[in-house]
$ cat data29.json   # JSON, C-alpha atoms
[["chain", "number", "residue", "atom", "x", "y", "z"],
["A", 1, "MET", "CA", 10.29, 61.37, -46.25],
["A", 2, "ILE", "CA", 10.36, 57.59, -45.77],
["A", 3, "LEU", "CA", 13.91, 57.31, -47.15],
["A", 4, "GLU", "CA", 15.14, 59.38, -44.19],
["A", 5, "SER", "CA", 13.58, 56.92, -41.72],
["A", 6, "ILE", "CA", 15.15, 54.03, -43.64],
["A", 7, "LYS", "CA", 18.55, 55.72, -43.41],
["A", 8, "LYS", "CA", 18.09, 56.29, -39.63],
["A", 9, "ARG", "CA", 17.21, 52.66, -38.89],
["A", 10, "PHE", "CA", 19.98, 50.41, -37.59],
["A", 11, "SER", "CA", 20.23, 47.35, -35.37],
["A", 12, "VAL", "CA", 20.32, 48.59, -31.78],
["A", 13, "ARG", "CA", 21.79, 46.23, -29.19],
["A", 14, "LYS", "CA", 22.16, 48.66, -26.29],
["A", 15, "PHE", "CA", 19.26, 50.65, -24.91],
["A", 16, "LYS", "CA", 18.89, 53.49, -22.42],
["A", 17, "ASP", "CA", 16.95, 52.80, -19.23],
["A", 18, "LYS", "CA", 14.10, 55.04, -20.34],
["A", 19, "PRO", "CA", 10.45, 54.09, -20.81],
["A", 20, "ILE", "CA", 8.63, 54.56, -24.11],
["A", 21, "ALA", "CA", 5.69, 56.96, -24.04],
["A", 22, "LYS", "CA", 2.33, 55.28, -24.64],
["A", 23, "GLU", "CA", 1.66, 57.54, -27.65],
["A", 24, "LYS", "CA", 4.88, 56.42, -29.34],
["A", 25, "LEU", "CA", 4.13, 52.74, -28.71],
["A", 26, "GLU", "CA", 0.62, 53.17, -30.11],
["A", 27, "ALA", "CA", 2.02, 54.88, -33.24],
["A", 28, "ILE", "CA", 4.40, 51.93, -33.73],
["A", 29, "LEU", "CA", 1.57, 49.42, -33.37],
["A", 30, "GLU", "CA", -0.63, 51.44, -35.72],
["A", 31, "ALA", "CA", 2.15, 51.32, -38.33],
["A", 32, "ALA", "CA", 2.16, 47.52, -38.00],
["A", 33, "ARG", "CA", -1.63, 47.36, -38.31],
["A", 34, "LEU", "CA", -1.46, 49.27, -41.60],
["A", 35, "ALA", "CA", 0.92, 46.77, -43.23],
["A", 36, "PRO", "CA", -0.28, 44.94, -46.33],
["A", 37, "SER", "CA", -0.82, 41.19, -46.27],
["A", 38, "ALA", "CA", -1.57, 38.46, -48.79],
["A", 39, "ARG", "CA", -5.29, 38.49, -49.64],
["A", 40, "ASN", "CA", -5.62, 41.09, -46.83],
["A", 41, "ILE", "CA", -5.87, 38.23, -44.32],
["A", 42, "GLN", "CA", -3.89, 40.19, -41.70],
["A", 43, "PRO", "CA", -2.67, 36.98, -40.02],
["A", 44, "TRP", "CA", -0.68, 38.77, -37.35],
["A", 45, "HIS", "CA", -0.92, 39.40, -33.66],
["A", 46, "PHE", "CA", 1.53, 41.64, -31.81],
["A", 47, "VAL", "CA", 2.39, 40.78, -28.22],
["A", 48, "VAL", "CA", 3.90, 43.74, -26.37],
["A", 49, "ILE", "CA", 6.19, 42.50, -23.62],
["A", 50, "ASP", "CA", 6.77, 45.23, -21.06],
["A", 51, "ASP", "CA", 6.35, 43.28, -17.81],
["A", 52, "SER", "CA", 9.72, 43.26, -16.02],
["A", 53, "GLN", "CA", 9.47, 39.58, -14.98],
["A", 54, "LYS", "CA", 8.69, 38.43, -18.51],
["A", 55, "ARG", "CA", 11.41, 40.68, -19.95],
["A", 56, "LYS", "CA", 14.01, 39.05, -17.66],
["A", 57, "GLN", "CA", 13.22, 35.68, -19.23],
["A", 58, "LEU", "CA", 14.00, 36.96, -22.72],
["A", 59, "THR", "CA", 17.79, 36.64, -22.27],
["A", 60, "GLU", "CA", 17.60, 32.87, -21.92],
["A", 61, "ILE", "CA", 14.88, 32.53, -24.57],
["A", 62, "CYS", "CA", 17.04, 34.59, -26.97],
["A", 63, "LYS", "CA", 20.18, 32.47, -26.54],
["A", 64, "GLY", "CA", 21.93, 34.76, -24.05],
["A", 65, "GLN", "CA", 21.30, 38.06, -25.85],
["A", 66, "LYS", "CA", 21.01, 40.28, -22.75],
["A", 67, "PHE", "CA", 20.11, 43.43, -24.64],
["A", 68, "VAL", "CA", 16.71, 41.96, -25.57],
["A", 69, "ALA", "CA", 15.73, 41.88, -21.90],
["A", 70, "GLU", "CA", 17.21, 45.34, -21.34],
["A", 71, "ALA", "CA", 14.93, 47.04, -23.88],
["A", 72, "PRO", "CA", 11.90, 48.60, -22.18],
["A", 73, "VAL", "CA", 9.59, 46.86, -24.66],
["A", 74, "THR", "CA", 9.88, 43.85, -26.93],
["A", 75, "ILE", "CA", 7.22, 43.15, -29.51],
["A", 76, "ALA", "CA", 6.69, 39.54, -30.50],
["A", 77, "VAL", "CA", 5.43, 39.56, -34.09],
["A", 78, "CYS", "CA", 3.25, 36.46, -34.35],
["A", 79, "ALA", "CA", 1.20, 35.06, -37.18],
["A", 80, "THR", "CA", -1.34, 32.37, -37.98],
["A", 81, "ASN", "CA", -2.70, 30.91, -41.23],
["A", 82, "LEU", "CA", 0.46, 28.81, -41.28],
["A", 83, "ASP", "CA", -0.54, 26.53, -44.15],
["A", 84, "TYR", "CA", -1.38, 29.18, -46.73],
["A", 85, "LYS", "CA", 1.19, 29.36, -49.51],
["A", 86, "MET", "CA", 1.07, 32.01, -52.18],
["A", 87, "THR", "CA", 1.15, 31.00, -55.84],
["A", 88, "CYS", "CA", 4.92, 31.62, -55.87],
["A", 89, "GLY", "CA", 5.34, 28.88, -53.22],
["A", 90, "GLN", "CA", 6.24, 31.13, -50.29],
["A", 91, "SER", "CA", 4.47, 30.87, -46.93],
["A", 92, "ALA", "CA", 2.38, 34.03, -46.69],
["A", 93, "TYR", "CA", 2.47, 34.30, -42.89],
["A", 94, "THR", "CA", 6.24, 34.83, -42.69],
["A", 95, "ILE", "CA", 6.24, 37.48, -45.39],
["A", 96, "ASP", "CA", 3.17, 39.23, -43.99],
["A", 97, "ALA", "CA", 4.66, 39.29, -40.49],
["A", 98, "ALA", "CA", 8.02, 40.51, -41.83],
["A", 99, "ILE", "CA", 6.35, 43.41, -43.62],
["A", 100, "ALA", "CA", 4.51, 44.38, -40.42],
["A", 101, "GLY", "CA", 7.75, 44.00, -38.47],
["A", 102, "GLU", "CA", 9.58, 46.36, -40.78],
["A", 103, "HIS", "CA", 6.73, 48.86, -40.44],
["A", 104, "ILE", "CA", 7.42, 48.66, -36.69],
["A", 105, "ALA", "CA", 11.15, 49.18, -37.17],
["A", 106, "LEU", "CA", 10.73, 52.15, -39.49],
["A", 107, "GLN", "CA", 8.11, 53.88, -37.34],
["A", 108, "ALA", "CA", 10.34, 53.38, -34.32],
["A", 109, "ALA", "CA", 13.26, 54.98, -36.18],
["A", 110, "GLU", "CA", 11.06, 57.91, -37.17],
["A", 111, "LEU", "CA", 10.23, 58.42, -33.47],
["A", 112, "GLY", "CA", 13.88, 58.35, -32.35],
["A", 113, "LEU", "CA", 13.70, 54.77, -31.08],
["A", 114, "GLY", "CA", 15.82, 51.78, -32.03],
["A", 115, "THR", "CA", 15.06, 48.15, -32.77],
["A", 116, "CYS", "CA", 16.84, 44.96, -33.71],
["A", 117, "TRP", "CA", 15.40, 42.00, -35.59],
["A", 118, "ILE", "CA", 15.73, 38.88, -33.44],
["A", 119, "GLY", "CA", 15.54, 35.47, -35.05],
["A", 120, "ALA", "CA", 17.77, 33.69, -32.54],
["A", 121, "PHE", "CA", 15.17, 32.54, -30.02],
["A", 122, "TYR", "CA", 13.60, 29.29, -28.93],
["A", 123, "GLN", "CA", 10.14, 29.12, -30.48],
["A", 124, "ASP", "CA", 8.71, 26.77, -27.85],
["A", 125, "LYS", "CA", 9.96, 28.80, -24.88],
["A", 126, "MET", "CA", 8.80, 32.06, -26.42],
["A", 127, "ALA", "CA", 5.36, 30.63, -27.17],
["A", 128, "GLU", "CA", 5.10, 29.47, -23.57],
["A", 129, "LEU", "CA", 6.15, 32.86, -22.18],
["A", 130, "ILE", "CA", 3.42, 34.71, -24.07],
["A", 131, "ASP", "CA", 0.74, 31.97, -23.95],
["A", 132, "LEU", "CA", 0.69, 31.76, -27.74],
["A", 133, "PRO", "CA", -2.18, 29.75, -29.25],
["A", 134, "LYS", "CA", -1.05, 26.55, -31.00],
["A", 135, "ASP", "CA", -2.09, 27.80, -34.44],
["A", 136, "TYR", "CA", 0.35, 30.76, -34.24],
["A", 137, "ARG", "CA", 4.13, 31.08, -34.58],
["A", 138, "VAL", "CA", 6.43, 33.82, -33.40],
["A", 139, "VAL", "CA", 8.09, 35.12, -36.57],
["A", 140, "THR", "CA", 10.43, 37.64, -34.96],
["A", 141, "LEU", "CA", 11.06, 39.62, -31.81],
["A", 142, "LEU", "CA", 11.70, 43.35, -31.93],
["A", 143, "PRO", "CA", 13.18, 44.89, -28.78],
["A", 144, "ILE", "CA", 12.44, 48.62, -28.83],
["A", 145, "GLY", "CA", 13.92, 51.50, -26.88],
["A", 146, "TYR", "CA", 16.08, 54.59, -26.97],
["A", 147, "PRO", "CA", 19.48, 53.72, -28.45],
["A", 148, "ASP", "CA", 22.45, 53.98, -26.08],
["A", 149, "ILE", "CA", 24.93, 53.57, -28.94],
["A", 150, "LYS", "CA", 25.79, 55.50, -32.08],
["A", 151, "ARG", "CA", 25.00, 54.18, -35.52],
["A", 152, "LYS", "CA", 28.06, 52.66, -37.17],
["A", 153, "GLN", "CA", 28.81, 53.21, -40.82],
["A", 154, "ARG", "CA", 27.73, 50.22, -42.93],
["A", 155, "ILE", "CA", 29.37, 49.28, -46.17],
["A", 156, "LEU", "CA", 26.62, 48.61, -48.65],
["A", 157, "LYS", "CA", 26.91, 47.26, -52.15],
["A", 158, "PRO", "CA", 26.27, 49.80, -54.90],
["A", 159, "LEU", "CA", 23.01, 49.54, -56.84],
["A", 160, "LYS", "CA", 24.81, 48.35, -59.98],
["A", 161, "GLU", "CA", 25.83, 45.17, -58.10],
["A", 162, "ILE", "CA", 22.37, 44.30, -56.86],
["A", 163, "VAL", "CA", 19.97, 45.53, -59.55],
["A", 164, "SER", "CA", 19.23, 44.21, -63.03],
["A", 165, "TYR", "CA", 16.59, 45.36, -65.47],
["A", 166, "ASN", "CA", 14.48, 42.90, -67.42],
["A", 167, "SER", "CA", 16.68, 39.87, -66.73],
["A", 168, "TYR", "CA", 19.33, 38.74, -64.29]]

$ encode --input "data29.json" --output "structure tokens"
Amino acid sequence: MILESIKKRFSVRKFKDKPIAKEKLEAILEAARLAPSARNIQPWHFVVIDDSQKRKQLTEICKGQKFVAEAPVTIAVCATNLDYKMTCGQSAYTIDAAIAGEHIALQAAELGLGTCWIGAFYQDKMAELIDLPKDYRVVTLLPIGYPDIKRKQRILKPLKEIVSYNSY
């Protein structure tokens, strides 16, 4: 049940020194590929960073967050079609990439792996590291690996505080 994977997912900032099996990584990438996108444009491209030299550079690119470089794999969720805005005024590429990124995070949780959404990174340095074409942006980075920490209890607001029916 998908709700169980959602409950398992948490932000992992400490990973075991253990590689990810190719089959698990392919399942994660397939989950991203299946994500919906505005007008089915599928503006994304996923750059899997598993090279040890490139991974070492992620600490500096991610503002000193060492755990990003310590994960065996980091996926850069990138997108193009930067100018397209949906009727509601939102940029489609960021939403489309975020949906695909959450598919990655949930599939990873289902497979016993952990992730953490990274938004604290230098766009220009990251683009240079992965040779990103000029018409793309990195939307987020998702380090992935086996958690080396336990999930902490989160205090979440009850539904009655965050849900309204028919009007705010």

$ closest_residue --input "data29.json" --among "A:Ala21, A:Val138, A:Leu34, A:Leu111" --to "Phe46 (chain A)" --atoms "all atoms listed in the file"
A:Val138

$ residues_near_point --input "data29.json" --point "(7.1, 34.7, -44.2)" --cutoff "12 Å" --atoms "all atoms listed in the file" --output "ChimeraX atom specification"
/A:37-38,43-44,77-86,89-101,137-140

$ write_last_selection --input "data29.json" --atoms "C-alpha atoms" --output "short mmCIF file (atom, residue, chain, number, x, y, z; two decimals), in the frame of the given file"
data_model
loop_
_atom_site.label_atom_id
_atom_site.label_comp_id
_atom_site.auth_asym_id
_atom_site.auth_seq_id
_atom_site.Cartn_x
_atom_site.Cartn_y
_atom_site.Cartn_z
CA SER A 37 -0.82 41.19 -46.27
CA ALA A 38 -1.57 38.46 -48.79
CA PRO A 43 -2.67 36.98 -40.02
CA TRP A 44 -0.68 38.77 -37.35
CA VAL A 77 5.43 39.56 -34.09
CA CYS A 78 3.25 36.46 -34.35
CA ALA A 79 1.20 35.06 -37.18
CA THR A 80 -1.34 32.37 -37.98
CA ASN A 81 -2.70 30.91 -41.23
CA LEU A 82 0.46 28.81 -41.28
CA ASP A 83 -0.54 26.53 -44.15
CA TYR A 84 -1.38 29.18 -46.73
CA LYS A 85 1.19 29.36 -49.51
CA MET A 86 1.07 32.01 -52.18
CA GLY A 89 5.34 28.88 -53.22
CA GLN A 90 6.24 31.13 -50.29
CA SER A 91 4.47 30.87 -46.93
CA ALA A 92 2.38 34.03 -46.69
CA TYR A 93 2.47 34.30 -42.89
CA THR A 94 6.24 34.83 -42.69
CA ILE A 95 6.24 37.48 -45.39
CA ASP A 96 3.17 39.23 -43.99
CA ALA A 97 4.66 39.29 -40.49
CA ALA A 98 8.02 40.51 -41.83
CA ILE A 99 6.35 43.41 -43.62
CA ALA A 100 4.51 44.38 -40.42
CA GLY A 101 7.75 44.00 -38.47
CA ARG A 137 4.13 31.08 -34.58
CA VAL A 138 6.43 33.82 -33.40
CA VAL A 139 8.09 35.12 -36.57
CA THR A 140 10.43 37.64 -34.96
#

$ closest_residue --input "data29.json" --among "A:Glu161, A:Asp148, A:Asp131, A:Asp124" --to "Val47 (chain A)" --atoms "only C-alpha atoms"
A:Asp131

$ residues_around --input "data29.json" --residues "Lys14 (chain A)" --least-positions-apart "4" --cutoff "7 Å" --atoms "all atoms listed in the file" --output "mmCIF file with C-alpha atoms, in the coordinates of the input"
data_model
loop_
_atom_site.group_PDB
_atom_site.id
_atom_site.type_symbol
_atom_site.label_atom_id
_atom_site.label_comp_id
_atom_site.auth_asym_id
_atom_site.auth_seq_id
_atom_site.Cartn_x
_atom_site.Cartn_y
_atom_site.Cartn_z
ATOM 1 C CA PHE A 67 20.110 43.430 -24.640
ATOM 2 C CA PRO A 147 19.480 53.720 -28.450
ATOM 3 C CA ASP A 148 22.450 53.980 -26.080
ATOM 4 C CA ILE A 149 24.930 53.570 -28.940
#

$ atom_distance --input "data29.json" --atom1 "CA of Glu4 (chain A)" --atom2 "CA of His45 (chain A)"
27.7 Å

$ closest_residue --input "data29.json" --among "A:Ala109, A:Leu132, A:Ala27, A:Ala120" --to "Lys7 (chain A)" --atoms "only C-alpha atoms"
A:Ala109

$ closest_residue --input "data29.json" --among "A:Gln153, A:Ser52, A:Gln65, A:Ser5" --to "Pro19 (chain A)" --atoms "all atoms listed in the file"
A:Ser52
